[in-house]
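So this one's structure_14.csv, CSV, C-alpha atoms:
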chain,number,residue,atom,x,y,z
S,1,MET,CA,-0.7,-8.1,-13.0
S,2,ALA,CA,-4.3,-8.0,-11.9
S,3,LEU,CA,-5.0,-10.3,-8.9
S,4,GLN,CA,-6.1,-13.8,-9.7
S,5,GLY,CA,-7.1,-16.5,-7.3
S,6,THR,CA,-7.8,-20.2,-7.6
S,7,CYS,CA,-9.3,-22.3,-4.9
S,8,ARG,CA,-8.6,-25.9,-3.8
S,9,GLU,CA,-9.5,-27.8,-0.8
S,10,VAL,CA,-7.2,-29.9,1.4
S,11,LEU,CA,-9.2,-31.8,4.0
S,12,ASP,CA,-11.6,-29.2,5.3
S,13,VAL,CA,-9.4,-26.2,4.5
S,14,ALA,CA,-10.1,-23.9,1.5
S,15,ILE,CA,-6.8,-22.8,0.1
S,16,VAL,CA,-6.9,-19.8,-2.2
S,17,ASP,CA,-3.8,-19.4,-4.3
S,18,PHE,CA,-3.4,-15.8,-5.3
S,19,SER,CA,-1.1,-14.2,-7.9
S,20,GLY,CA,-0.7,-10.6,-8.8
S,21,LYS,CA,-1.2,-7.4,-6.9
S,22,ILE,CA,-3.6,-6.6,-4.1
S,23,THR,CA,-4.1,-2.8,-4.5
S,24,LEU,CA,-6.8,-0.2,-4.4
S,25,GLY,CA,-9.5,-1.0,-6.9
S,26,GLU,CA,-9.6,-4.3,-8.8
S,27,GLY,CA,-7.2,-6.3,-6.7
S,28,SER,CA,-8.8,-5.5,-3.4
S,29,ALA,CA,-12.2,-6.1,-5.0
S,30,THR,CA,-11.2,-9.6,-6.2
S,31,LEU,CA,-9.9,-10.5,-2.8
S,32,ARG,CA,-13.1,-9.3,-1.1
S,33,LYS,CA,-15.2,-11.3,-3.7
S,34,MET,CA,-13.3,-14.5,-3.3
S,35,ILE,CA,-13.5,-14.5,0.5
S,36,ARG,CA,-17.2,-13.8,0.4
S,37,GLU,CA,-17.6,-16.7,-2.0
S,38,ARG,CA,-15.7,-19.1,0.3
S,39,VAL,CA,-17.7,-18.0,3.4
S,40,ASP,CA,-21.0,-18.2,1.5
S,41,ALA,CA,-20.0,-21.7,0.3
S,42,GLY,CA,-19.6,-22.7,4.0
S,43,ASN,CA,-15.9,-22.7,4.3
S,44,ARG,CA,-14.8,-21.9,7.8
S,45,LYS,CA,-11.1,-22.7,7.4
S,46,ILE,CA,-9.5,-20.5,4.8
S,47,LEU,CA,-5.8,-20.3,4.0
S,48,LEU,CA,-4.6,-17.5,1.7
S,49,ASN,CA,-1.5,-18.5,-0.2
S,50,LEU,CA,0.2,-15.2,-1.1
S,51,GLY,CA,3.4,-16.7,-2.6
S,52,ASP,CA,2.8,-15.1,-5.9
S,53,VAL,CA,1.6,-11.8,-4.6
S,54,ASP,CA,4.5,-9.4,-5.2
S,55,TYR,CA,2.8,-6.2,-4.3
S,56,ILE,CA,0.3,-4.9,-1.8
S,57,ASP,CA,-0.7,-1.4,-0.8
S,58,SER,CA,-2.5,-0.1,2.3
S,59,SER,CA,-5.8,-0.8,0.6
S,60,GLY,CA,-4.8,-4.4,0.0
S,61,ILE,CA,-3.7,-4.7,3.6
S,62,GLY,CA,-7.0,-3.2,4.7
S,63,GLU,CA,-8.8,-5.8,2.6
S,64,LEU,CA,-6.8,-8.6,4.2
S,65,VAL,CA,-7.8,-7.3,7.6
S,66,ALA,CA,-11.4,-7.1,6.4
S,67,SER,CA,-11.2,-10.7,5.2
S,68,PHE,CA,-9.9,-11.8,8.6
S,69,THR,CA,-12.8,-10.1,10.3
S,70,THR,CA,-15.4,-11.5,7.9
S,71,VAL,CA,-14.2,-15.1,8.3
S,72,ARG,CA,-13.9,-14.7,12.1
S,73,SER,CA,-17.4,-13.2,12.3
S,74,ALA,CA,-18.7,-16.3,10.5
S,75,GLY,CA,-17.1,-18.4,13.2
S,76,GLY,CA,-14.1,-19.4,11.1
S,77,GLU,CA,-10.4,-18.9,10.8
S,78,LEU,CA,-8.3,-17.2,8.1
S,79,LYS,CA,-4.5,-17.7,7.9
S,80,LEU,CA,-1.8,-16.6,5.6
S,81,LEU,CA,0.8,-18.6,3.7
S,82,ASN,CA,4.1,-17.8,1.9
S,83,LEU,CA,4.5,-14.1,2.2
S,84,THR,CA,7.0,-12.5,-0.1
S,85,LYS,CA,9.5,-10.3,1.5
S,86,ARG,CA,7.8,-7.0,0.6
S,87,VAL,CA,4.4,-8.2,1.9
S,88,HIS,CA,6.1,-9.6,5.0
S,89,ASP,CA,7.8,-6.3,5.7
S,90,LEU,CA,4.6,-4.4,5.3
S,91,LEU,CA,2.8,-6.6,7.7
S,92,GLN,CA,5.6,-6.2,10.1
S,93,ILE,CA,5.6,-2.4,9.8
S,94,THR,CA,1.9,-2.3,10.4
S,95,ARG,CA,2.1,-4.8,13.4
S,96,LEU,CA,-0.3,-7.1,11.7
S,97,PHE,CA,1.7,-10.2,12.7
S,98,THR,CA,-0.1,-9.8,16.0
S,99,ILE,CA,-3.4,-10.5,14.2
S,100,PHE,CA,-2.5,-12.9,11.4
S,101,ASP,CA,-1.1,-16.4,11.8
S,102,VAL,CA,1.5,-16.6,9.0
S,103,GLN,CA,3.3,-19.7,7.9
S,104,SER,CA,5.8,-20.6,5.1
S,105,ASP,CA,4.9,-24.3,4.9
S,106,GLU,CA,1.5,-25.4,3.8
S,107,SER,CA,1.3,-28.6,5.9
S,108,VAL,CA,2.3,-26.6,9.0
S,109,ALA,CA,-0.3,-24.0,8.1
S,110,LEU,CA,-3.0,-26.7,7.7
S,111,SER,CA,-2.2,-28.2,11.1
S,112,ARG,CA,-2.7,-24.9,12.8
S,113,PHE,CA,-6.4,-24.7,12.1
S,114,ARG,CA,-8.6,-25.7,15.1
S,115,PRO,CA,-10.3,-29.0,14.7
S,116,VAL,CA,-14.0,-28.7,14.2
X,1,MET,CA,20.6,14.3,-14.5
X,2,SER,CA,21.4,18.0,-13.8
X,3,THR,CA,20.6,19.7,-10.4
X,4,ASN,CA,17.3,21.3,-9.5
X,5,GLN,CA,15.3,19.6,-12.2
X,6,ARG,CA,11.6,19.9,-11.5
X,7,LEU,CA,8.7,17.9,-12.9
X,8,GLU,CA,5.1,19.0,-12.3
X,9,VAL,CA,2.1,16.9,-13.0
X,10,THR,CA,-1.6,17.7,-12.6
X,11,LEU,CA,-3.5,14.5,-12.0
X,12,GLU,CA,-7.2,13.9,-12.3
X,13,THR,CA,-9.1,12.7,-9.2
X,14,GLN,CA,-9.6,9.2,-10.4
X,15,LEU,CA,-8.3,5.8,-9.5
X,16,GLU,CA,-6.1,5.5,-12.5
X,17,SER,CA,-4.0,8.5,-11.2
X,18,VAL,CA,-2.6,6.3,-8.4
X,19,ASP,CA,-0.8,4.0,-10.8
X,20,LEU,CA,0.1,6.9,-13.1
X,21,ALA,CA,1.7,8.9,-10.3
X,22,GLU,CA,3.6,5.9,-9.0
X,23,ASN,CA,4.9,5.1,-12.4
X,24,ILE,CA,6.0,8.6,-13.2
X,25,VAL,CA,7.9,9.0,-10.0
X,26,MET,CA,9.5,5.6,-10.3
X,27,ARG,CA,10.7,6.4,-13.8
X,28,ALA,CA,12.2,9.7,-12.6
X,29,SER,CA,13.8,8.0,-9.6
X,30,GLU,CA,15.3,5.3,-11.8
X,31,ALA,CA,16.8,7.9,-14.0
X,32,ALA,CA,18.3,9.4,-10.9
X,33,GLY,CA,20.0,6.1,-10.1
X,34,PHE,CA,18.0,4.8,-7.2
X,35,PRO,CA,18.4,1.0,-6.8
X,36,GLU,CA,15.4,-1.3,-7.1
X,37,ASP,CA,14.5,-1.6,-3.5
X,38,GLU,CA,14.5,2.1,-3.1
X,39,LEU,CA,12.4,2.5,-6.3
X,40,TYR,CA,9.8,0.2,-4.7
X,41,ARG,CA,9.7,2.2,-1.5
X,42,ILE,CA,9.5,5.5,-3.3
X,43,GLY,CA,6.8,4.2,-5.6
X,44,MET,CA,4.8,2.9,-2.6
X,45,ALA,CA,5.1,6.2,-0.7
X,46,VAL,CA,3.9,8.1,-3.7
X,47,ARG,CA,1.1,5.6,-4.2
X,48,GLU,CA,-0.1,6.0,-0.7
X,49,SER,CA,0.0,9.8,-0.9
X,50,VAL,CA,-2.1,9.9,-4.0
X,51,ILE,CA,-4.5,7.4,-2.6
X,52,ASN,CA,-5.0,9.7,0.3
X,53,ALA,CA,-5.4,12.7,-1.9
X,54,TYR,CA,-7.9,10.9,-4.0
X,55,ASN,CA,-10.0,9.3,-1.2
X,56,TYR,CA,-9.7,11.7,1.7
X,57,GLY,CA,-8.4,15.1,0.4
X,58,ASN,CA,-10.5,15.3,-2.7
X,59,SER,CA,-13.2,12.9,-1.6
X,60,GLN,CA,-13.1,11.2,-5.0
X,61,ASP,CA,-14.6,14.5,-6.5
X,62,LYS,CA,-13.7,14.4,-10.2
X,63,ARG,CA,-13.8,18.2,-10.4
X,64,LYS,CA,-10.8,18.4,-8.1
X,65,LYS,CA,-7.2,17.9,-9.1
X,66,ILE,CA,-4.1,16.4,-7.5
X,67,ARG,CA,-0.9,18.3,-8.0
X,68,MET,CA,2.4,16.4,-7.8
X,69,THR,CA,5.9,17.8,-8.2
X,70,VAL,CA,9.2,15.9,-8.2
X,71,GLU,CA,12.2,18.1,-7.6
X,72,PHE,CA,15.9,17.1,-7.6
X,73,GLU,CA,18.2,19.0,-5.3
X,74,PRO,CA,21.9,18.2,-5.2
X,75,GLU,CA,21.5,15.8,-2.3
X,76,LYS,CA,17.9,14.7,-2.4
X,77,MET,CA,14.7,14.1,-4.4
X,78,ILE,CA,11.6,15.8,-3.1
X,79,VAL,CA,8.1,14.7,-3.9
X,80,ARG,CA,5.1,16.8,-3.1
X,81,VAL,CA,1.5,15.7,-3.4
X,82,LEU,CA,-1.2,18.4,-3.0
X,83,ASP,CA,-5.0,17.9,-2.9
X,84,GLU,CA,-7.8,20.4,-3.0
X,85,GLY,CA,-9.5,19.4,0.2
X,86,LYS,CA,-9.7,21.1,3.6
X,87,GLY,CA,-6.4,19.8,5.0
X,88,PHE,CA,-6.1,17.8,8.1
X,89,ILE,CA,-4.0,17.5,11.3
X,90,PRO,CA,-1.8,14.4,11.2
X,91,GLU,CA,-1.9,14.1,15.0
X,92,ASP,CA,-5.7,13.5,14.7
X,93,VAL,CA,-5.3,10.4,12.6
X,94,PRO,CA,-5.6,7.3,14.8
X,95,ASP,CA,-2.5,5.4,15.4
X,96,CYS,CA,-3.0,2.3,13.2
X,97,CYS,CA,-0.5,0.3,15.2
X,98,ALA,CA,-2.3,0.8,18.5
X,99,GLU,CA,-3.9,-2.4,19.7
X,100,GLU,CA,-7.5,-1.0,19.5
X,101,ASN,CA,-6.9,0.0,15.9
X,102,LEU,CA,-5.3,-3.0,14.4
X,103,LEU,CA,-8.5,-4.4,12.9
X,104,ARG,CA,-9.3,-1.1,11.2
X,105,THR,CA,-9.4,-1.5,7.4
X,106,SER,CA,-7.9,1.8,6.6
X,107,GLY,CA,-5.5,4.4,8.0
X,108,ARG,CA,-2.1,2.8,7.3
X,109,GLY,CA,-1.0,5.1,4.5
X,110,LEU,CA,0.8,7.7,6.6
X,111,LEU,CA,2.7,5.0,8.4
X,112,ILE,CA,3.9,3.6,5.2
X,113,MET,CA,5.0,6.9,3.8
X,114,ARG,CA,6.9,7.8,7.0
X,115,ALA,CA,8.6,4.3,7.0
X,116,PHE,CA,9.6,4.4,3.4
X,117,MET,CA,10.9,7.9,2.9
X,118,ASP,CA,13.8,9.7,4.6
X,119,GLU,CA,11.8,12.8,5.2
X,120,PHE,CA,8.1,13.3,5.6
X,121,ARG,CA,5.8,16.1,6.6
X,122,ILE,CA,2.3,17.4,5.9
X,123,GLN,CA,1.6,21.1,5.5
X,124,LYS,CA,-1.2,23.3,4.3
X,125,GLY,CA,-0.9,23.8,0.6
X,126,PHE,CA,-1.8,26.9,-1.5
X,127,THR,CA,-5.1,25.3,-2.4
X,128,GLY,CA,-6.0,25.0,1.2
X,129,GLY,CA,-5.7,21.3,1.0
X,130,ALA,CA,-3.1,19.0,2.5
X,131,GLU,CA,0.3,18.9,0.9
X,132,VAL,CA,2.5,15.9,1.6
X,133,VAL,CA,6.2,16.7,1.3
X,134,MET,CA,8.5,13.6,1.2
X,135,ALA,CA,12.2,13.4,0.4
X,136,LYS,CA,14.7,10.7,-0.4
X,137,LYS,CA,18.5,11.2,-0.2
X,138,LEU,CA,20.0,10.6,-3.7
X,139,PRO,CA,22.1,7.5,-4.0
X,140,HIS,CA,25.1,9.6,-5.1
X,141,SER,CA,25.9,13.3,-5.2
X,142,ILE,CA,25.1,15.3,-8.2
X,143,SER,CA,27.7,17.9,-9.0
X,144,GLY,CA,27.0,21.4,-10.0
X,145,ASN,CA,27.8,20.9,-13.6
X,146,GLY,CA,25.0,18.4,-13.9
X,147,LYS,CA,27.2,15.3,-14.3
X,148,HIS,CA,27.2,12.4,-11.9

The structure given in the file should be rewritten as structure tokens.
Amino acid sequence: MALQGTCREVLDVAIVDFSGKITLGEGSATLRKMIRERVDAGNRKILLNLGDVDYIDSSGIGELVASFTTVRSAGGELKLLNLTKRVHDLLQITRLFTIFDVQSDESVALSRFRPV
Amino acid sequence: MSTNQRLEVTLETQLESVDLAENIVMRASEAAGFPEDELYRIGMAVRESVINAYNYGNSQDKRKKIRMTVEFEPEKMIVRVLDEGKGFIPEDVPDCCAEENLLRTSGRGLLIMRAFMDEFRIQKGFTGGAEVVMAKKLPHSISGNGKH
């Protein structure tokens, strides 16, 4: 399934709920576009809910890293929520748990953003 | 499936070939009896090899082709992906897991292929380009009479 994302706000955190695949081409482009939209809208706390993302390739992982850097460069924070086992394993293999703050509970994830 | 079956596919250098290659190999692997988790790993490894052939080997040049073969030996399935580039030295590829490279947005494909397949190497192919050769041990032996 092509990547789809919907955004909601909880307190001052933009939560983007994704579903589908983050792969080379359309999926990566969708992720890139949505992150850019959030940053341009002034969001500096962004939580990506990947609970319904069942597949990601190296391009998708690269796009997650790019998203992290984009938000950080704008003075914000980007965190990840609800990784499926396959996405979790890939982030582990690529040592990206040293970069990303990943949680499995939304309220815990929200509490981990720095207060403004 | 009988022993020493061989499937050869010539792919166009276009984005759609990535999904196509993955699907072809996953279908063949499923017919060979690989369980779902292994199908995923095999598919991902093939995906990454074709992405590399498309992006780096063939530099997205539509005039070039990507050649893929899937071969079944008695004990293993071998997948080869060959581009028409100039080849490369794997040791020259930055270690994507090194601290200083973690924020790179590319360069993780080789790591994934190595992690997901039982055997992996890169050699110079007959086109002069890079040929990825990967293998996965079959889930059960195939007898010489072609039955399993």

Point to revise | Shell around Val50 in chain X at 9 Å using only C-alpha atoms, local window under 3 positions removed, as an MDAnalysis selection string | key: chainID X and resid 17:18 21:22 45:47 53:55 66 68 81:83

Review point. Nearest to Ser111 in chain S among S:Cys7, S:Leu47, S:Leu24, S:Ala2, with distances taken over only C-alpha atoms: which residue is it?
Key: S:Leu47

Revision key, fill the gap. Min atom-atom distance to Ser58 in chain S from the set S:Ile93, S:Val102, S:Ala41, S:Met34, counting only C-alpha atoms, belongs to S:Ile93

Practice item. Compile the contact shell of Arg86 in chain S as a list in words: residues with an atom at most 9 Å away, counting all atoms listed in the file, same-chain residues fewer than 2 positions apart removed. Key: Asp54, Tyr55, Ile56, Leu83, Thr84, His88, Asp89, Leu90 and Leu91 of chain S

Counting only C-alpha atoms, which residues of chain X sit at most 6 Å from some atom of chain S, and what is each one's closest atom pair with its distance in Å to one decimal, listed by chain and rising residue number, as a Markdown table?
| residue | atom | partner | partner_atom | distance |
| --- | --- | --- | --- | --- |
| X:Cys97 | CA | S:Thr94 | CA | 6.0 |
| X:Thr105 | CA | S:Gly62 | CA | 4.0 |
| X:Ser106 | CA | S:Gly62 | CA | 5.4 |
| X:Arg108 | CA | S:Ser58 | CA | 5.8 |
| X:Gly109 | CA | S:Ser58 | CA | 5.8 |

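The two atoms in question, CA of Ala29 in chain S and CA of Leu11 in chain X, are spaced 23.4 Å apart.
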
Produce the centre coordinates and the three edge lengths, each in Å to one decimal, of the box along x, y and z that contains all listed atoms of range 95-107 of chain S with 8 Å added on each side, as AutoDock Vina command-line options.
--center_x 1.2 --center_y -16.7 --center_z 9.9 --size_x 25.2 --size_y 39.8 --size_z 28.2
